[in-house]
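Undergrad: One structure, as structure tokens, below. Some questions next.
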Amino acid sequence: MSRNKLEAHEEAERRRVGATIRQYREMRGYKPDQFASEVGISRPYLANIEAGRKPLTQVLLARVASALEVEQIAIIREGYFAETA
């Protein structure tokens, strides 16, 4: 895979993961400010993650999954949200 294709794939994955987090957050009734505080990040940083502009670290993935009461795989595995929603 060329560098540009790899970068495009990684960006698409970040957007997908961010959208999944947003869907779970909204399903759980969290407002963005409330959720960001719950996982220990700023509201702008959460917005960047949900928009796919920032990657989700392993540590943050664990905190997000815990706050949303879902398995980490539910956030990172493509199609998992649709299967469980």
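Identifiers for the structure tokens are assigned positionally: chains receive A, B, ... in sequence, residues are indexed from 1 per chain, and ligands are indexed from 1 in the order shown.
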Give me the residues near Leu46 (chain A) as a list in words, where near means some atom within 9 Å (using only C-alpha atoms) and where sequence neighbours in that chain fewer than 2 positions away do not count.

TA: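 Using only C-alpha atoms, the neighbours found are Gly18, Pro32, Asp33, Phe35, Ala36, Ile41, Ser42, Arg43, Pro44, Asn48, Ile49, Glu50, Ala51 and Lys54 of chain A.
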
Undergrad: Among chain A, which residues carry a DSSP assignment of helix (DSSP H, G or I), reported as a PDB file with N, CA, C and O atoms, in the first residue's frame?

TA:
ATOM      1  N   ARG A   3       2.123   5.157   0.492  1.00  0.00           N
ATOM      2  CA  ARG A   3       2.049   6.040   1.667  1.00  0.00           C
ATOM      3  C   ARG A   3       0.742   6.842   1.679  1.00  0.00           C
ATOM      4  O   ARG A   3       0.096   6.952   2.712  1.00  0.00           O
ATOM      5  N   ASN A   4       0.354   7.389   0.535  1.00  0.00           N
ATOM      6  CA  ASN A   4      -0.874   8.180   0.471  1.00  0.00           C
ATOM      7  C   ASN A   4      -2.104   7.327   0.759  1.00  0.00           C
ATOM      8  O   ASN A   4      -3.017   7.782   1.449  1.00  0.00           O
ATOM      9  N   LYS A   5      -2.125   6.116   0.236  1.00  0.00           N
ATOM     10  CA  LYS A   5      -3.253   5.223   0.493  1.00  0.00           C
ATOM     11  C   LYS A   5      -3.297   4.818   1.957  1.00  0.00           C
ATOM     12  O   LYS A   5      -4.371   4.732   2.555  1.00  0.00           O
ATOM     13  N   LEU A   6      -2.139   4.580   2.541  1.00  0.00           N
ATOM     14  CA  LEU A   6      -2.062   4.220   3.951  1.00  0.00           C
ATOM     15  C   LEU A   6      -2.565   5.371   4.819  1.00  0.00           C
ATOM     16  O   LEU A   6      -3.356   5.162   5.740  1.00  0.00           O
ATOM     17  N   GLU A   7      -2.115   6.581   4.517  1.00  0.00           N
ATOM     18  CA  GLU A   7      -2.566   7.752   5.269  1.00  0.00           C
ATOM     19  C   GLU A   7      -4.071   7.942   5.133  1.00  0.00           C
ATOM     20  O   GLU A   7      -4.760   8.264   6.101  1.00  0.00           O
ATOM     21  N   ALA A   8      -4.601   7.743   3.927  1.00  0.00           N
ATOM     22  CA  ALA A   8      -6.036   7.887   3.703  1.00  0.00           C
ATOM     23  C   ALA A   8      -6.804   6.821   4.481  1.00  0.00           C
ATOM     24  O   ALA A   8      -7.862   7.103   5.063  1.00  0.00           O
ATOM     25  N   HIS A   9      -6.266   5.606   4.522  1.00  0.00           N
ATOM     26  CA  HIS A   9      -6.905   4.517   5.271  1.00  0.00           C
ATOM     27  C   HIS A   9      -6.907   4.830   6.770  1.00  0.00           C
ATOM     28  O   HIS A   9      -7.923   4.651   7.440  1.00  0.00           O
ATOM     29  N   GLU A  10      -5.780   5.305   7.283  1.00  0.00           N
ATOM     30  CA  GLU A  10      -5.695   5.647   8.707  1.00  0.00           C
ATOM     31  C   GLU A  10      -6.658   6.784   9.055  1.00  0.00           C
ATOM     32  O   GLU A  10      -7.308   6.746  10.093  1.00  0.00           O
ATOM     33  N   GLU A  11      -6.771   7.769   8.189  1.00  0.00           N
ATOM     34  CA  GLU A  11      -7.700   8.878   8.420  1.00  0.00           C
ATOM     35  C   GLU A  11      -9.145   8.379   8.424  1.00  0.00           C
ATOM     36  O   GLU A  11      -9.940   8.767   9.279  1.00  0.00           O
ATOM     37  N   ALA A  12      -9.471   7.511   7.489  1.00  0.00           N
ATOM     38  CA  ALA A  12     -10.823   6.951   7.428  1.00  0.00           C
ATOM     39  C   ALA A  12     -11.128   6.141   8.685  1.00  0.00           C
ATOM     40  O   ALA A  12     -12.249   6.204   9.213  1.00  0.00           O
ATOM     41  N   GLU A  13     -10.146   5.402   9.185  1.00  0.00           N
ATOM     42  CA  GLU A  13     -10.326   4.627  10.422  1.00  0.00           C
ATOM     43  C   GLU A  13     -10.551   5.548  11.620  1.00  0.00           C
ATOM     44  O   GLU A  13     -11.413   5.279  12.457  1.00  0.00           O
ATOM     45  N   ARG A  14      -9.794   6.627  11.703  1.00  0.00           N
ATOM     46  CA  ARG A  14      -9.993   7.587  12.798  1.00  0.00           C
ATOM     47  C   ARG A  14     -11.397   8.179  12.751  1.00  0.00           C
ATOM     48  O   ARG A  14     -12.052   8.326  13.787  1.00  0.00           O
ATOM     49  N   ARG A  15     -11.870   8.516  11.553  1.00  0.00           N
ATOM     50  CA  ARG A  15     -13.227   9.075  11.424  1.00  0.00           C
ATOM     51  C   ARG A  15     -14.280   8.051  11.831  1.00  0.00           C
ATOM     52  O   ARG A  15     -15.242   8.376  12.518  1.00  0.00           O
ATOM     53  N   ARG A  16     -14.088   6.799  11.430  1.00  0.00           N
ATOM     54  CA  ARG A  16     -15.048   5.754  11.766  1.00  0.00           C
ATOM     55  C   ARG A  16     -15.089   5.519  13.271  1.00  0.00           C
ATOM     56  O   ARG A  16     -16.162   5.441  13.868  1.00  0.00           O
ATOM     57  N   VAL A  17     -13.913   5.420  13.891  1.00  0.00           N
ATOM     58  CA  VAL A  17     -13.837   5.214  15.340  1.00  0.00           C
ATOM     59  C   VAL A  17     -14.459   6.406  16.066  1.00  0.00           C
ATOM     60  O   VAL A  17     -15.228   6.235  17.012  1.00  0.00           O
ATOM     61  N   GLY A  18     -14.157   7.604  15.623  1.00  0.00           N
ATOM     62  CA  GLY A  18     -14.726   8.798  16.237  1.00  0.00           C
ATOM     63  C   GLY A  18     -16.243   8.821  16.136  1.00  0.00           C
ATOM     64  O   GLY A  18     -16.936   9.167  17.104  1.00  0.00           O
ATOM     65  N   ALA A  19     -16.768   8.444  14.981  1.00  0.00           N
ATOM     66  CA  ALA A  19     -18.222   8.402  14.799  1.00  0.00           C
ATOM     67  C   ALA A  19     -18.848   7.349  15.705  1.00  0.00           C
ATOM     68  O   ALA A  19     -19.935   7.559  16.261  1.00  0.00           O
ATOM     69  N   THR A  20     -18.168   6.234  15.882  1.00  0.00           N
ATOM     70  CA  THR A  20     -18.659   5.184  16.775  1.00  0.00           C
ATOM     71  C   THR A  20     -18.717   5.683  18.212  1.00  0.00           C
ATOM     72  O   THR A  20     -19.708   5.453  18.919  1.00  0.00           O
ATOM     73  N   ILE A  21     -17.674   6.369  18.636  1.00  0.00           N
ATOM     74  CA  ILE A  21     -17.666   6.926  19.995  1.00  0.00           C
ATOM     75  C   ILE A  21     -18.831   7.895  20.159  1.00  0.00           C
ATOM     76  O   ILE A  21     -19.551   7.859  21.158  1.00  0.00           O
ATOM     77  N   ARG A  22     -19.024   8.769  19.175  1.00  0.00           N
ATOM     78  CA  ARG A  22     -20.117   9.735  19.247  1.00  0.00           C
ATOM     79  C   ARG A  22     -21.474   9.021  19.351  1.00  0.00           C
ATOM     80  O   ARG A  22     -22.327   9.407  20.156  1.00  0.00           O
ATOM     81  N   GLN A  23     -21.670   7.971  18.557  1.00  0.00           N
ATOM     82  CA  GLN A  23     -22.935   7.228  18.602  1.00  0.00           C
ATOM     83  C   GLN A  23     -23.178   6.620  19.978  1.00  0.00           C
ATOM     84  O   GLN A  23     -24.275   6.744  20.534  1.00  0.00           O
ATOM     85  N   TYR A  24     -22.174   5.960  20.524  1.00  0.00           N
ATOM     86  CA  TYR A  24     -22.323   5.382  21.866  1.00  0.00           C
ATOM     87  C   TYR A  24     -22.544   6.475  22.916  1.00  0.00           C
ATOM     88  O   TYR A  24     -23.368   6.327  23.809  1.00  0.00           O
ATOM     89  N   ARG A  25     -21.785   7.569  22.815  1.00  0.00           N
ATOM     90  CA  ARG A  25     -21.928   8.664  23.777  1.00  0.00           C
ATOM     91  C   ARG A  25     -23.361   9.205  23.757  1.00  0.00           C
ATOM     92  O   ARG A  25     -23.973   9.390  24.815  1.00  0.00           O
ATOM     93  N   GLU A  26     -23.882   9.435  22.571  1.00  0.00           N
ATOM     94  CA  GLU A  26     -25.239   9.956  22.451  1.00  0.00           C
ATOM     95  C   GLU A  26     -26.274   8.943  22.935  1.00  0.00           C
ATOM     96  O   GLU A  26     -27.254   9.319  23.580  1.00  0.00           O
ATOM     97  N   MET A  27     -26.054   7.665  22.647  1.00  0.00           N
ATOM     98  CA  MET A  27     -26.961   6.619  23.131  1.00  0.00           C
ATOM     99  C   MET A  27     -27.008   6.584  24.649  1.00  0.00           C
ATOM    100  O   MET A  27     -28.057   6.308  25.232  1.00  0.00           O
ATOM    101  N   PRO A  32     -21.299  16.350  25.299  1.00  0.00           N
ATOM    102  CA  PRO A  32     -19.855  16.350  25.044  1.00  0.00           C
ATOM    103  C   PRO A  32     -19.010  16.821  26.228  1.00  0.00           C
ATOM    104  O   PRO A  32     -18.010  16.186  26.556  1.00  0.00           O
ATOM    105  N   ASP A  33     -19.396  17.926  26.862  1.00  0.00           N
ATOM    106  CA  ASP A  33     -18.609  18.427  28.002  1.00  0.00           C
ATOM    107  C   ASP A  33     -18.566  17.420  29.139  1.00  0.00           C
ATOM    108  O   ASP A  33     -17.522  17.194  29.748  1.00  0.00           O
ATOM    109  N   GLN A  34     -19.705  16.831  29.425  1.00  0.00           N
ATOM    110  CA  GLN A  34     -19.816  15.848  30.507  1.00  0.00           C
ATOM    111  C   GLN A  34     -18.948  14.628  30.215  1.00  0.00           C
ATOM    112  O   GLN A  34     -18.229  14.144  31.084  1.00  0.00           O
ATOM    113  N   PHE A  35     -19.003  14.130  28.983  1.00  0.00           N
ATOM    114  CA  PHE A  35     -18.248  12.940  28.626  1.00  0.00           C
ATOM    115  C   PHE A  35     -16.748  13.217  28.639  1.00  0.00           C
ATOM    116  O   PHE A  35     -15.965  12.405  29.141  1.00  0.00           O
ATOM    117  N   ALA A  36     -16.347  14.360  28.092  1.00  0.00           N
ATOM    118  CA  ALA A  36     -14.924  14.715  28.086  1.00  0.00           C
ATOM    119  C   ALA A  36     -14.388  14.748  29.516  1.00  0.00           C
ATOM    120  O   ALA A  36     -13.307  14.217  29.793  1.00  0.00           O
ATOM    121  N   SER A  37     -15.151  15.331  30.403  1.00  0.00           N
ATOM    122  CA  SER A  37     -14.743  15.390  31.806  1.00  0.00           C
ATOM    123  C   SER A  37     -14.650  13.985  32.411  1.00  0.00           C
ATOM    124  O   SER A  37     -13.716  13.674  33.148  1.00  0.00           O
ATOM    125  N   GLU A  38     -15.599  13.141  32.074  1.00  0.00           N
ATOM    126  CA  GLU A  38     -15.631  11.762  32.588  1.00  0.00           C
ATOM    127  C   GLU A  38     -14.375  10.984  32.206  1.00  0.00           C
ATOM    128  O   GLU A  38     -13.864  10.200  32.994  1.00  0.00           O
ATOM    129  N   VAL A  39     -13.881  11.186  30.986  1.00  0.00           N
ATOM    130  CA  VAL A  39     -12.710  10.431  30.536  1.00  0.00           C
ATOM    131  C   VAL A  39     -11.401  11.199  30.729  1.00  0.00           C
ATOM    132  O   VAL A  39     -10.329  10.699  30.400  1.00  0.00           O
ATOM    133  N   ARG A  43     -12.947  19.216  26.152  1.00  0.00           N
ATOM    134  CA  ARG A  43     -14.036  19.135  25.170  1.00  0.00           C
ATOM    135  C   ARG A  43     -13.503  19.270  23.741  1.00  0.00           C
ATOM    136  O   ARG A  43     -13.900  18.499  22.860  1.00  0.00           O
ATOM    137  N   PRO A  44     -12.579  20.218  23.462  1.00  0.00           N
ATOM    138  CA  PRO A  44     -12.030  20.297  22.102  1.00  0.00           C
ATOM    139  C   PRO A  44     -11.288  19.025  21.675  1.00  0.00           C
ATOM    140  O   PRO A  44     -11.365  18.625  20.517  1.00  0.00           O
ATOM    141  N   TYR A  45     -10.580  18.386  22.619  1.00  0.00           N
ATOM    142  CA  TYR A  45      -9.872  17.150  22.271  1.00  0.00           C
ATOM    143  C   TYR A  45     -10.879  16.053  21.918  1.00  0.00           C
ATOM    144  O   TYR A  45     -10.686  15.313  20.946  1.00  0.00           O
ATOM    145  N   LEU A  46     -11.967  15.964  22.676  1.00  0.00           N
ATOM    146  CA  LEU A  46     -13.022  14.998  22.355  1.00  0.00           C
ATOM    147  C   LEU A  46     -13.592  15.279  20.968  1.00  0.00           C
ATOM    148  O   LEU A  46     -13.785  14.351  20.176  1.00  0.00           O
ATOM    149  N   ALA A  47     -13.844  16.545  20.668  1.00  0.00           N
ATOM    150  CA  ALA A  47     -14.368  16.904  19.350  1.00  0.00           C
ATOM    151  C   ALA A  47     -13.415  16.466  18.244  1.00  0.00           C
ATOM    152  O   ALA A  47     -13.856  15.960  17.201  1.00  0.00           O
ATOM    153  N   ASN A  48     -12.127  16.628  18.475  1.00  0.00           N
ATOM    154  CA  ASN A  48     -11.134  16.208  17.481  1.00  0.00           C
ATOM    155  C   ASN A  48     -11.105  14.692  17.310  1.00  0.00           C
ATOM    156  O   ASN A  48     -10.934  14.191  16.192  1.00  0.00           O
ATOM    157  N   ILE A  49     -11.267  13.954  18.386  1.00  0.00           N
ATOM    158  CA  ILE A  49     -11.313  12.492  18.294  1.00  0.00           C
ATOM    159  C   ILE A  49     -12.566  12.065  17.535  1.00  0.00           C
ATOM    160  O   ILE A  49     -12.508  11.247  16.619  1.00  0.00           O
ATOM    161  N   GLU A  50     -13.704  12.621  17.913  1.00  0.00           N
ATOM    162  CA  GLU A  50     -14.964  12.236  17.264  1.00  0.00           C
ATOM    163  C   GLU A  50     -14.990  12.615  15.786  1.00  0.00           C
ATOM    164  O   GLU A  50     -15.626  11.936  14.989  1.00  0.00           O
ATOM    165  N   GLN A  58      -4.330   3.897  23.225  1.00  0.00           N
ATOM    166  CA  GLN A  58      -4.794   2.713  23.943  1.00  0.00           C
ATOM    167  C   GLN A  58      -5.323   3.064  25.324  1.00  0.00           C
ATOM    168  O   GLN A  58      -6.329   2.524  25.771  1.00  0.00           O
ATOM    169  N   VAL A  59      -4.639   3.983  26.007  1.00  0.00           N
ATOM    170  CA  VAL A  59      -5.071   4.394  27.350  1.00  0.00           C
ATOM    171  C   VAL A  59      -6.434   5.078  27.266  1.00  0.00           C
ATOM    172  O   VAL A  59      -7.342   4.789  28.044  1.00  0.00           O
ATOM    173  N   LEU A  60      -6.575   5.978  26.315  1.00  0.00           N
ATOM    174  CA  LEU A  60      -7.839   6.692  26.170  1.00  0.00           C
ATOM    175  C   LEU A  60      -8.953   5.757  25.701  1.00  0.00           C
ATOM    176  O   LEU A  60     -10.097   5.875  26.141  1.00  0.00           O
ATOM    177  N   LEU A  61      -8.614   4.797  24.839  1.00  0.00           N
ATOM    178  CA  LEU A  61      -9.602   3.804  24.417  1.00  0.00           C
ATOM    179  C   LEU A  61     -10.155   3.071  25.635  1.00  0.00           C
ATOM    180  O   LEU A  61     -11.366   2.881  25.749  1.00  0.00           O
ATOM    181  N   ALA A  62      -9.295   2.692  26.555  1.00  0.00           N
ATOM    182  CA  ALA A  62      -9.731   1.987  27.766  1.00  0.00           C
ATOM    183  C   ALA A  62     -10.660   2.867  28.600  1.00  0.00           C
ATOM    184  O   ALA A  62     -11.696   2.402  29.088  1.00  0.00           O
ATOM    185  N   ARG A  63     -10.312   4.144  28.754  1.00  0.00           N
ATOM    186  CA  ARG A  63     -11.158   5.050  29.541  1.00  0.00           C
ATOM    187  C   ARG A  63     -12.501   5.302  28.879  1.00  0.00           C
ATOM    188  O   ARG A  63     -13.538   5.337  29.543  1.00  0.00           O
ATOM    189  N   VAL A  64     -12.488   5.484  27.562  1.00  0.00           N
ATOM    190  CA  VAL A  64     -13.720   5.729  26.811  1.00  0.00           C
ATOM    191  C   VAL A  64     -14.632   4.515  26.899  1.00  0.00           C
ATOM    192  O   VAL A  64     -15.827   4.635  27.177  1.00  0.00           O
ATOM    193  N   ALA A  65     -14.087   3.331  26.670  1.00  0.00           N
ATOM    194  CA  ALA A  65     -14.882   2.102  26.727  1.00  0.00           C
ATOM    195  C   ALA A  65     -15.483   1.909  28.116  1.00  0.00           C
ATOM    196  O   ALA A  65     -16.663   1.547  28.243  1.00  0.00           O
ATOM    197  N   SER A  66     -14.701   2.181  29.149  1.00  0.00           N
ATOM    198  CA  SER A  66     -15.196   2.045  30.515  1.00  0.00           C
ATOM    199  C   SER A  66     -16.337   3.025  30.784  1.00  0.00           C
ATOM    200  O   SER A  66     -17.376   2.645  31.336  1.00  0.00           O
ATOM    201  N   ALA A  67     -16.162   4.269  30.386  1.00  0.00           N
ATOM    202  CA  ALA A  67     -17.199   5.281  30.607  1.00  0.00           C
ATOM    203  C   ALA A  67     -18.477   4.953  29.840  1.00  0.00           C
ATOM    204  O   ALA A  67     -19.584   5.211  30.320  1.00  0.00           O
ATOM    205  N   LEU A  68     -18.326   4.365  28.659  1.00  0.00           N
ATOM    206  CA  LEU A  68     -19.491   4.018  27.838  1.00  0.00           C
ATOM    207  C   LEU A  68     -20.069   2.651  28.191  1.00  0.00           C
ATOM    208  O   LEU A  68     -21.100   2.256  27.646  1.00  0.00           O
ATOM    209  N   GLN A  72     -13.850  -2.651  24.534  1.00  0.00           N
ATOM    210  CA  GLN A  72     -13.023  -1.869  23.619  1.00  0.00           C
ATOM    211  C   GLN A  72     -13.243  -2.275  22.170  1.00  0.00           C
ATOM    212  O   GLN A  72     -13.258  -1.430  21.275  1.00  0.00           O
ATOM    213  N   ILE A  73     -13.448  -3.548  21.931  1.00  0.00           N
ATOM    214  CA  ILE A  73     -13.672  -4.041  20.573  1.00  0.00           C
ATOM    215  C   ILE A  73     -14.905  -3.403  19.943  1.00  0.00           C
ATOM    216  O   ILE A  73     -14.968  -3.209  18.732  1.00  0.00           O
ATOM    217  N   ALA A  74     -15.885  -3.037  20.763  1.00  0.00           N
ATOM    218  CA  ALA A  74     -17.100  -2.406  20.249  1.00  0.00           C
ATOM    219  C   ALA A  74     -16.803  -1.048  19.629  1.00  0.00           C
ATOM    220  O   ALA A  74     -17.540  -0.584  18.767  1.00  0.00           O
ATOM    221  N   ILE A  75     -15.723  -0.431  20.052  1.00  0.00           N
ATOM    222  CA  ILE A  75     -15.344   0.873  19.522  1.00  0.00           C
ATOM    223  C   ILE A  75     -14.448   0.734  18.301  1.00  0.00           C
ATOM    224  O   ILE A  75     -14.613   1.454  17.325  1.00  0.00           O
ATOM    225  N   ILE A  76     -13.537  -0.215  18.334  1.00  0.00           N
ATOM    226  CA  ILE A  76     -12.544  -0.281  17.256  1.00  0.00           C
ATOM    227  C   ILE A  76     -12.895  -1.232  16.116  1.00  0.00           C
ATOM    228  O   ILE A  76     -12.374  -1.087  15.024  1.00  0.00           O
ATOM    229  N   TYR A  80     -19.223  -3.397  14.396  1.00  0.00           N
ATOM    230  CA  TYR A  80     -19.654  -3.910  15.690  1.00  0.00           C
ATOM    231  C   TYR A  80     -20.796  -3.087  16.256  1.00  0.00           C
ATOM    232  O   TYR A  80     -21.739  -3.631  16.807  1.00  0.00           O
ATOM    233  N   PHE A  81     -20.746  -1.764  16.109  1.00  0.00           N
ATOM    234  CA  PHE A  81     -21.804  -0.896  16.647  1.00  0.00           C
ATOM    235  C   PHE A  81     -23.151  -1.285  16.048  1.00  0.00           C
ATOM    236  O   PHE A  81     -24.125  -1.422  16.756  1.00  0.00           O
ATOM    237  N   ALA A  82     -23.206  -1.470  14.750  1.00  0.00           N
ATOM    238  CA  ALA A  82     -24.463  -1.822  14.083  1.00  0.00           C
ATOM    239  C   ALA A  82     -25.022  -3.138  14.589  1.00  0.00           C
ATOM    240  O   ALA A  82     -26.236  -3.316  14.681  1.00  0.00           O
ATOM    241  N   GLU A  83     -24.125  -4.053  14.950  1.00  0.00           N
ATOM    242  CA  GLU A  83     -24.564  -5.364  15.448  1.00  0.00           C
ATOM    243  C   GLU A  83     -25.138  -5.285  16.856  1.00  0.00           C
ATOM    244  O   GLU A  83     -25.961  -6.094  17.237  1.00  0.00           O
ATOM    245  N   THR A  84     -24.686  -4.298  17.642  1.00  0.00           N
ATOM    246  CA  THR A  84     -25.088  -4.240  19.047  1.00  0.00           C
ATOM    247  C   THR A  84     -26.079  -3.125  19.336  1.00  0.00           C
ATOM    248  O   THR A  84     -26.627  -3.083  20.423  1.00  0.00           O
TER     249      THR A  84
END
